[in-house]
Structures are given as C-alpha cells and as structure tokens.
Amino acid sequence: MNAKTEMAIQPATPATVTYRTLTVGDLVSSLKAGLADFAAAPAFGLFFGLFYALAGCALVSLAAYFGQYMVVLPLIMGFALIGPFAAVGLYEVSRRLEAGLPLSFPIVLGVIRQQSTRQIMMLGFALMVLMLFWVRVALLIYALNFGLKPVNPMSMGVDVMFGSSAVTFLLTGTIVGAGFAFVAFAISVFSFPHLLAKEQDFISAIILSLKGVMLNLPVMIIWGIIVGALLFLAATPFFLGLLVVLPILGHATWHLYRKAIGTA
C-alpha cells in the first residue's frame, strides 16, 4: 500500500462543502453500488448485519421475557433509528473499496475502535437517547389507549385487537413514530459517513446532514421511506433479514453521501 495514498484519505477538516442535487436515479445507482460492495466483501456485511440482528433479538426477547409486550413493536421500530450507527463499519468498508485500500477485520474494526473516543460515538449516543425517548413516548401512547397493564397480544380478543383503541394506538403511534424516524434520519444519514471521512465535531456534521436532506427533501423522503420500510420488513422475521438488508443499505448510504456532499 502506498503511504501517500493512505495519507490522502486520512480525516481532515474540509475547507469547503458542496451540496449537490440528487435525483431518484442517484438512489437507484447507490443501491446498485451498495449491492456491489456487499458482493465484493460479503464477510464484513454479514458480520455487522449479524451483530445488529442479535442485538435486536436480545432487546425484544428481554421485553417479552419480562412481559412488556407493549414495548416490542416500539423497540422494533426504534431499533431502526440506530441503524446508521451500526453501519459505521460498512461505511469504512465502502470507503476502502472505493480508494482501493486493503480490507481486513483488524483494519476495519481498528478504525471503529479509534472512533470510539471521537465524535461518532457522541452522535451514536444522541441516536440512542432519541430511540429511548421514542420508546417512552410509545409507552405513553399505549397507556392512553389500553391503560398501564401489559397485554399479551396472543391473548387479546378480536374485539380488542380491532377495536377503536387499537386503531387509535396504531394510527397515533405510526404518525409519531414517523416523526421520530425522520428526525433520526435527517441528522444521521450524511453525518456518520462524513465524520468517518473528515475530522469534524458531530454538531457540525448534524447541520451538514440536515442541510443535505433539506436541499434534496423530495428525493431524501423517498430514500427514507425505502430505508425505513426495508429495515422494518427485515426486522420482523426475528431480525434475520438484517443480515442482507443492513449491509446493502449501509454501503449504499456511503455512496449516496459521496453523491450528495462534496468536500475539499
């Protein structure tokens, strides 16, 4: 490996930031590039996808074990909020494939470990707080419709499952949850890849991500719906779909960031 090449991609504070206009075609090409990266380095994608899936299974299993059935659905929805943080390793894989740098688990995991004391962890913590806040709000919505007593969905009657309270709960939860999802998406979709590529504080990275999203709002809403729908569908069969969906979306997000944000 050429030392000069390695130095050229080391994090550095950007002098200027250029926001580019995105199209639906950019979303398609990013997904194709994400699939190509997953095919080029499947071991990394499966590793990070498995880690994310096991963490999701553990959270939901604990909630069900303690009889807290009312938090299972919010946990599944909320767990998608921290997907960008879980995909940091995938961004590094795509970055190295793009730059023609060698790939190995020690190198990729070493980059993540180096980031543990930097701004990426601060941003990840912010997403965790947002997820926990969403779960608390979801519990409040549940309590307003069903009371404070946990209800096992397997023992609910048809009249309860399809009654007015259930419909109100699902509609309210979906609308409020979509709001939380959009906030998490807007502050993280470009900030995590940017922090990996450039040395910058996480507040500035959040602002950069928000600007990039707002300047391409229609296209980014479509991307957010695609990401949210795929993550939710992948999470429903015991999170197994995340083994494939998370890597493809993680790699694709890196390529979408490269299309949307230019730095010099």
# chains A, B, ... in the order shown; residues from 1 in each chain; ligands from 1

call {"tool": "residues_around", "arguments": {"residues": "Gly34 in chain A", "least_positions_apart": "5", "cutoff": "10 Å", "atoms": "only C-alpha atoms", "output": "ChimeraX atom specification"}}
result
/A:28-29,39-40,90,94,247-256

call {"tool": "closest_residue", "arguments": {"among": "A:Gly241, A:Gly212, A:Pro193, A:Gly228", "to": "Thr21 in chain A", "atoms": "only C-alpha atoms"}}
result
A:Gly212

call {"tool": "closest_residue", "arguments": {"among": "A:Ile261, A:Val17, A:Ala53, A:Leu139", "to": "Val213 in chain A", "atoms": "only C-alpha atoms"}}
result
A:Ile261

call {"tool": "atom_distance", "arguments": {"atom1": "CA of Pro84 in chain A", "atom2": "CA of Gly179 in chain A"}}
result
16.9 Å

call {"tool": "closest_atom_pairs", "arguments": {"of": "range 26-99 of chain A", "to": "range 131-138 of chain A", "cutoff": "12 Å", "atoms": "only C-alpha atoms", "output": "tab-separated table"}}
result
residue	atom	partner	partner_atom	distance
A:Ala63	CA	A:Val135	CA	11.9
A:Gln68	CA	A:Val135	CA	11.9
A:Met70	CA	A:Ala138	CA	8.6
A:Val71	CA	A:Val135	CA	6.9
A:Val72	CA	A:Val135	CA	9.5
A:Leu73	CA	A:Ala138	CA	9.2
A:Pro74	CA	A:Val135	CA	5.8
A:Leu75	CA	A:Val135	CA	6.7
A:Ile76	CA	A:Val135	CA	9.9
A:Met77	CA	A:Met131	CA	9.0
A:Gly78	CA	A:Met131	CA	5.3
A:Phe79	CA	A:Met131	CA	7.0
A:Ala80	CA	A:Met131	CA	8.8
A:Leu81	CA	A:Met131	CA	6.4
A:Ile82	CA	A:Met131	CA	7.4
A:Gly83	CA	A:Met131	CA	10.9

call {"tool": "atom_distance", "arguments": {"atom1": "CA of Arg20 in chain A", "atom2": "CA of Ala260 in chain A"}}
result
4.9 Å

call {"tool": "closest_residue", "arguments": {"among": "A:Tyr65, A:Phe146, A:Phe44, A:Phe85", "to": "Phe105 in chain A", "atoms": "only C-alpha atoms"}}
result
A:Phe44

call {"tool": "atom_distance", "arguments": {"atom1": "CA of Ser188 in chain A", "atom2": "CA of Ile207 in chain A"}}
result
9.8 Å

call {"tool": "select_by_dssp", "arguments": {"residues": "range 11-110 of chain A", "states": "helix (DSSP H, G or I)", "output": "MDAnalysis selection string"}}
result
chainID A and resid 24:40 42:65 69:86 88:99 105:110

call {"tool": "closest_residue", "arguments": {"among": "A:Leu103, A:Ala64, A:Leu171, A:Met128", "to": "Pro42 in chain A", "atoms": "only C-alpha atoms"}}
result
A:Leu103

call {"tool": "closest_residue", "arguments": {"among": "A:Val219, A:Cys57, A:Ile206, A:Leu243", "to": "Ala184 in chain A", "atoms": "only C-alpha atoms"}}
result
A:Ile206

call {"tool": "residues_around", "arguments": {"residues": "Leu240 in chain A", "least_positions_apart": "2", "cutoff": "12 Å", "atoms": "only C-alpha atoms", "output": "ChimeraX atom specification"}}
result
/A:46,49-57,231-238,242-246

call {"tool": "residues_around", "arguments": {"residues": "Ala205 in chain A", "least_positions_apart": "2", "cutoff": "10 Å", "atoms": "only C-alpha atoms", "output": "list of chain:residue names"}}
result
A:Gln119, A:Ile120, A:Leu123, A:Ile187, A:Ser188, A:Phe190, A:Ser191, A:Phe192, A:Pro193, A:His194, A:Leu195, A:Lys198, A:Glu199, A:Gln200, A:Asp201, A:Phe202, A:Ile203, A:Ile207, A:Leu208, A:Ser209, A:Leu210, A:Lys211
